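Colleague: Quick one, structure-v2.cif (mmCIF, C-alpha atoms):
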data_model
#
loop_
_atom_site.group_PDB
_atom_site.id
_atom_site.type_symbol
_atom_site.label_atom_id
_atom_site.label_comp_id
_atom_site.auth_asym_id
_atom_site.auth_seq_id
_atom_site.Cartn_x
_atom_site.Cartn_y
_atom_site.Cartn_z
ATOM 1 C CA MET A 236 -28.932 19.382 3.240
ATOM 2 C CA PHE A 237 -27.415 16.061 4.334
ATOM 3 C CA PHE A 238 -27.876 14.500 0.896
ATOM 4 C CA ARG A 239 -26.349 17.552 -0.767
ATOM 5 C CA PHE A 240 -23.151 16.991 1.232
ATOM 6 C CA VAL A 241 -23.218 13.253 0.497
ATOM 7 C CA THR A 242 -23.524 14.093 -3.209
ATOM 8 C CA SER A 243 -20.742 16.669 -3.002
ATOM 9 C CA GLY A 244 -18.472 14.187 -1.238
ATOM 10 C CA GLU A 245 -19.073 11.545 -3.927
ATOM 11 C CA ILE A 246 -18.359 14.002 -6.748
ATOM 12 C CA ARG A 247 -15.128 15.092 -5.050
ATOM 13 C CA LYS A 248 -14.095 11.504 -4.262
ATOM 14 C CA ARG A 249 -14.574 10.483 -7.911
ATOM 15 C CA SER A 250 -13.593 13.802 -9.454
ATOM 16 C CA GLU A 251 -11.805 12.182 -12.410
ATOM 17 C CA PHE A 252 -15.066 10.501 -13.431
ATOM 18 C CA PHE A 253 -17.310 13.549 -12.934
ATOM 19 C CA GLU A 254 -14.951 16.265 -14.206
ATOM 20 C CA PRO A 255 -15.758 15.872 -17.948
ATOM 21 C CA PHE A 256 -19.493 16.149 -17.234
ATOM 22 C CA ILE A 257 -19.000 19.175 -15.017
ATOM 23 C CA LEU A 258 -16.830 20.894 -17.628
ATOM 24 C CA GLY A 259 -19.622 20.243 -20.148
ATOM 25 C CA LEU A 260 -22.083 22.086 -17.899
ATOM 26 C CA THR A 261 -19.932 24.947 -16.613
ATOM 27 C CA ASN A 262 -16.380 26.228 -16.768
ATOM 28 C CA ALA A 263 -15.971 25.471 -13.068
ATOM 29 C CA THR A 264 -13.593 23.050 -11.406
ATOM 30 C CA VAL A 265 -15.047 20.116 -9.466
ATOM 31 C CA GLU A 266 -14.450 22.013 -6.211
ATOM 32 C CA GLN A 267 -16.157 25.173 -7.522
ATOM 33 C CA PHE A 268 -19.072 23.152 -8.939
ATOM 34 C CA CYS A 269 -19.660 21.449 -5.586
ATOM 35 C CA LYS A 270 -19.530 24.735 -3.678
ATOM 36 C CA SER A 271 -21.774 26.638 -6.106
ATOM 37 C CA SER A 272 -24.150 24.031 -7.576
ATOM 38 C CA VAL A 273 -24.338 21.056 -5.217
ATOM 39 C CA GLU A 274 -24.062 22.202 -1.608
ATOM 40 C CA PRO A 275 -26.202 25.385 -1.550
ATOM 41 C CA MET A 276 -29.909 24.926 -0.846
ATOM 42 C CA GLY A 277 -32.156 26.185 -3.614
ATOM 43 C CA GLU A 278 -29.881 25.032 -6.431
ATOM 44 C CA GLU A 279 -31.395 22.630 -8.929
ATOM 45 C CA SER A 280 -30.089 19.090 -9.234
ATOM 46 C CA ASP A 281 -29.432 17.455 -12.559
ATOM 47 C CA HIS A 282 -28.083 14.224 -13.996
ATOM 48 C CA VAL A 283 -24.640 14.628 -12.388
ATOM 49 C CA HIS A 284 -26.165 15.117 -8.943
ATOM 50 C CA ILE A 285 -28.519 12.116 -9.150
ATOM 51 C CA THR A 286 -25.761 9.875 -10.515
ATOM 52 C CA ALA A 287 -23.448 10.845 -7.654
ATOM 53 C CA LEU A 288 -26.173 10.375 -5.042
ATOM 54 C CA SER A 289 -27.116 6.936 -6.378
ATOM 55 C CA ASP A 290 -23.455 5.908 -6.390
ATOM 56 C CA ALA A 291 -22.790 7.270 -2.898
ATOM 57 C CA LEU A 292 -25.808 5.551 -1.367
ATOM 58 C CA GLY A 293 -25.449 2.386 -3.417
ATOM 59 C CA VAL A 294 -29.148 2.613 -4.200
ATOM 60 C CA PRO A 295 -30.877 2.538 -7.601
ATOM 61 C CA ILE A 296 -32.955 5.681 -8.214
ATOM 62 C CA ARG A 297 -35.710 6.146 -10.802
ATOM 63 C CA VAL A 298 -36.666 9.645 -11.966
ATOM 64 C CA VAL A 299 -40.067 9.866 -13.675
ATOM 65 C CA TYR A 300 -41.251 12.870 -15.615
ATOM 66 C CA LEU A 301 -44.232 13.887 -17.701
ATOM 67 C CA ASP A 302 -43.796 14.521 -21.398
ATOM 68 C CA ARG A 303 -46.326 17.000 -22.685
ATOM 69 C CA SER A 304 -44.968 17.100 -26.221
ATOM 70 C CA SER A 305 -47.965 15.034 -27.286
ATOM 71 C CA CYS A 306 -50.490 17.361 -25.600
ATOM 72 C CA ASP A 307 -51.792 18.516 -28.971
ATOM 73 C CA ASN A 308 -53.279 15.053 -29.315
ATOM 74 C CA GLY A 309 -54.661 15.205 -25.789
ATOM 75 C CA GLY A 310 -52.094 12.787 -24.376
ATOM 76 C CA VAL A 311 -49.414 12.996 -21.765
ATOM 77 C CA SER A 312 -46.832 10.257 -21.474
ATOM 78 C CA VAL A 313 -44.857 9.267 -18.389
ATOM 79 C CA ASN A 314 -41.182 8.578 -19.008
ATOM 80 C CA HIS A 315 -38.451 7.508 -16.631
ATOM 81 C CA HIS A 316 -34.702 7.278 -16.323
ATOM 82 C CA ASP A 317 -33.023 4.791 -13.994
ATOM 83 C CA PHE A 318 -29.789 5.553 -12.171
ATOM 84 C CA THR A 319 -27.911 2.536 -10.869
ATOM 85 C CA HIS A 320 -24.784 2.788 -8.800
ATOM 86 C CA VAL A 321 -21.449 1.882 -10.387
ATOM 87 C CA THR A 322 -20.031 -0.501 -7.817
ATOM 88 C CA GLY A 323 -22.116 -3.424 -9.052
ATOM 89 C CA ASP A 324 -22.699 -4.545 -5.463
ATOM 90 C CA LEU A 325 -26.387 -4.660 -4.615
ATOM 91 C CA PRO A 326 -27.900 -5.272 -1.216
ATOM 92 C CA ALA A 327 -28.945 -8.899 -0.713
ATOM 93 C CA ASP A 328 -32.631 -7.964 -0.859
ATOM 94 C CA ALA A 329 -32.386 -5.995 -4.137
ATOM 95 C CA ALA A 330 -35.283 -6.927 -6.371
ATOM 96 C CA THR A 331 -34.639 -7.819 -9.980
ATOM 97 C CA VAL A 332 -37.109 -8.086 -12.816
ATOM 98 C CA GLY A 333 -36.509 -10.504 -15.692
ATOM 99 C CA ASP A 334 -32.926 -9.915 -16.697
ATOM 100 C CA PRO A 335 -30.675 -10.019 -13.604
ATOM 101 C CA LYS A 336 -29.106 -6.723 -14.704
ATOM 102 C CA THR A 337 -32.513 -4.955 -14.494
ATOM 103 C CA ILE A 338 -32.905 -3.510 -11.018
ATOM 104 C CA ASN A 339 -36.082 -2.219 -9.415
ATOM 105 C CA PRO A 340 -35.295 1.217 -8.005
ATOM 106 C CA PHE A 341 -35.446 1.648 -4.242
ATOM 107 C CA ILE A 342 -36.227 5.356 -4.598
ATOM 108 C CA THR A 343 -38.591 6.857 -7.163
ATOM 109 C CA LEU A 344 -38.605 10.614 -7.714
ATOM 110 C CA LEU A 345 -41.020 12.707 -9.755
ATOM 111 C CA TYR A 346 -39.185 15.497 -11.560
ATOM 112 C CA ARG A 347 -40.980 18.782 -11.966
ATOM 113 C CA PRO A 348 -38.948 21.717 -13.254
ATOM 114 C CA GLY A 349 -36.933 22.984 -10.311
ATOM 115 C CA HIS A 350 -38.091 20.273 -7.903
ATOM 116 C CA TYR A 351 -38.126 16.536 -7.143
ATOM 117 C CA ASP A 352 -40.880 14.796 -5.151
ATOM 118 C CA ILE A 353 -40.565 11.331 -3.638
ATOM 119 C CA LEU A 354 -43.139 8.913 -5.026
ATOM 120 C CA TYR A 355 -44.339 6.104 -2.821
ATOM 121 C CA LEU A 356 -45.382 3.110 -4.875
ATOM 122 C CA LYS A 357 -48.380 1.066 -3.766
#
Would you kindly transcribe this structure into structure tokens?

Modeller:
Amino acid sequence: MFFRFVTSGEIRKRSEFFEPFILGLTNATVEQFCKSSVEPMGEESDHVHITALSDALGVPIRVVYLDRSSCDNGGVSVNHHDFTHVTGDLPADAATVGDPKTINPFITLLYRPGHYDILYLK
């Protein structure tokens, strides 16, 4: 619940940035979207929510998901999408790989339809 309110606060604080994306999803205002799609428990999160949460926390987030479109061939591929916060300020201990603009995510989530699980990397 806490992170839902953090996400809602970030969307409201940067409403000019998020408004075009919200209008593309629903016909709701930013305020209505937060009250109906962000704050209530049981509502699914999408790209807008994860972007706002990453920005609010200042933490890179990776969402991994399974692609079964190649199941006919017996294969399943693992894809990911990285969300990095917009401020450009990273904690001093942020790990980079290769290019200094490539950030290792601090949080990795597995997306399953209707749910996210935290993955703990070994």

Colleague: Exactly which residues make up the result of the PyMOL selection byres ((chain A and resi 314) around 10) on this file, given as a list of chain:residue names?

Modeller: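 Checked against the file, the PyMOL selection byres ((chain A and resi 314) around 10) matches A:Val298, A:Val299, A:Tyr300, A:Leu301, A:Asp302, A:Val311, A:Ser312, A:Val313, A:His315, A:His316.
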
Colleague: Please write as a count of residues only the full residue list that the PyMOL selection byres ((chain A and resi 340-355) around 7) yields on this file.

Modeller: 12

Colleague: Which residues would end up in the selection if the PyMOL selection byres ((chain A and resi 253-261) around 12) were applied here, given that I need the answer as a VMD selection string?

Modeller: chain A and resid 242 to 252 262 to 269 271 to 273 281 to 287 290

Colleague: For the selection just defined, write its residues with C-alpha atoms to a file, as a short mmCIF file (atom, residue, chain, number, x, y, z; two decimals), in the frame of the given file.

Modeller:
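That gives us selection.cif:
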data_model
loop_
_atom_site.label_atom_id
_atom_site.label_comp_id
_atom_site.auth_asym_id
_atom_site.auth_seq_id
_atom_site.Cartn_x
_atom_site.Cartn_y
_atom_site.Cartn_z
CA THR A 242 -23.52 14.09 -3.21
CA SER A 243 -20.74 16.67 -3.00
CA GLY A 244 -18.47 14.19 -1.24
CA GLU A 245 -19.07 11.54 -3.93
CA ILE A 246 -18.36 14.00 -6.75
CA ARG A 247 -15.13 15.09 -5.05
CA LYS A 248 -14.10 11.50 -4.26
CA ARG A 249 -14.57 10.48 -7.91
CA SER A 250 -13.59 13.80 -9.45
CA GLU A 251 -11.80 12.18 -12.41
CA PHE A 252 -15.07 10.50 -13.43
CA ASN A 262 -16.38 26.23 -16.77
CA ALA A 263 -15.97 25.47 -13.07
CA THR A 264 -13.59 23.05 -11.41
CA VAL A 265 -15.05 20.12 -9.47
CA GLU A 266 -14.45 22.01 -6.21
CA GLN A 267 -16.16 25.17 -7.52
CA PHE A 268 -19.07 23.15 -8.94
CA CYS A 269 -19.66 21.45 -5.59
CA SER A 271 -21.77 26.64 -6.11
CA SER A 272 -24.15 24.03 -7.58
CA VAL A 273 -24.34 21.06 -5.22
CA ASP A 281 -29.43 17.45 -12.56
CA HIS A 282 -28.08 14.22 -14.00
CA VAL A 283 -24.64 14.63 -12.39
CA HIS A 284 -26.16 15.12 -8.94
CA ILE A 285 -28.52 12.12 -9.15
CA THR A 286 -25.76 9.88 -10.52
CA ALA A 287 -23.45 10.84 -7.65
CA ASP A 290 -23.46 5.91 -6.39
#

Colleague: What is the distance, in Å and to one decimal place, between CA of Lys270 (chain A) and CA of Asp317 (chain A)?

Modeller: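 If I compute the distance from CA of Lys270 (chain A) to CA of Asp317 (chain A), I get 26.2 Å.
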
Colleague: Box for region 241-251 of chain A: with edges along x, y and z, all listed atoms inside and 6 Å added on each side, what are the centre and edge lengths in Å to one decimal, as AutoDock Vina command-line options?

Modeller:
--center_x -17.7 --center_y 13.6 --center_z -6.0 --size_x 23.7 --size_y 18.2 --size_z 24.9

Colleague: Grab the CA of Ser280 (chain A) to CA of Phe318 (chain A) distance for me, in Å with one decimal place.

Modeller: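 Between CA of Ser280 (chain A) and CA of Phe318 (chain A) the gap is 13.9 Å.
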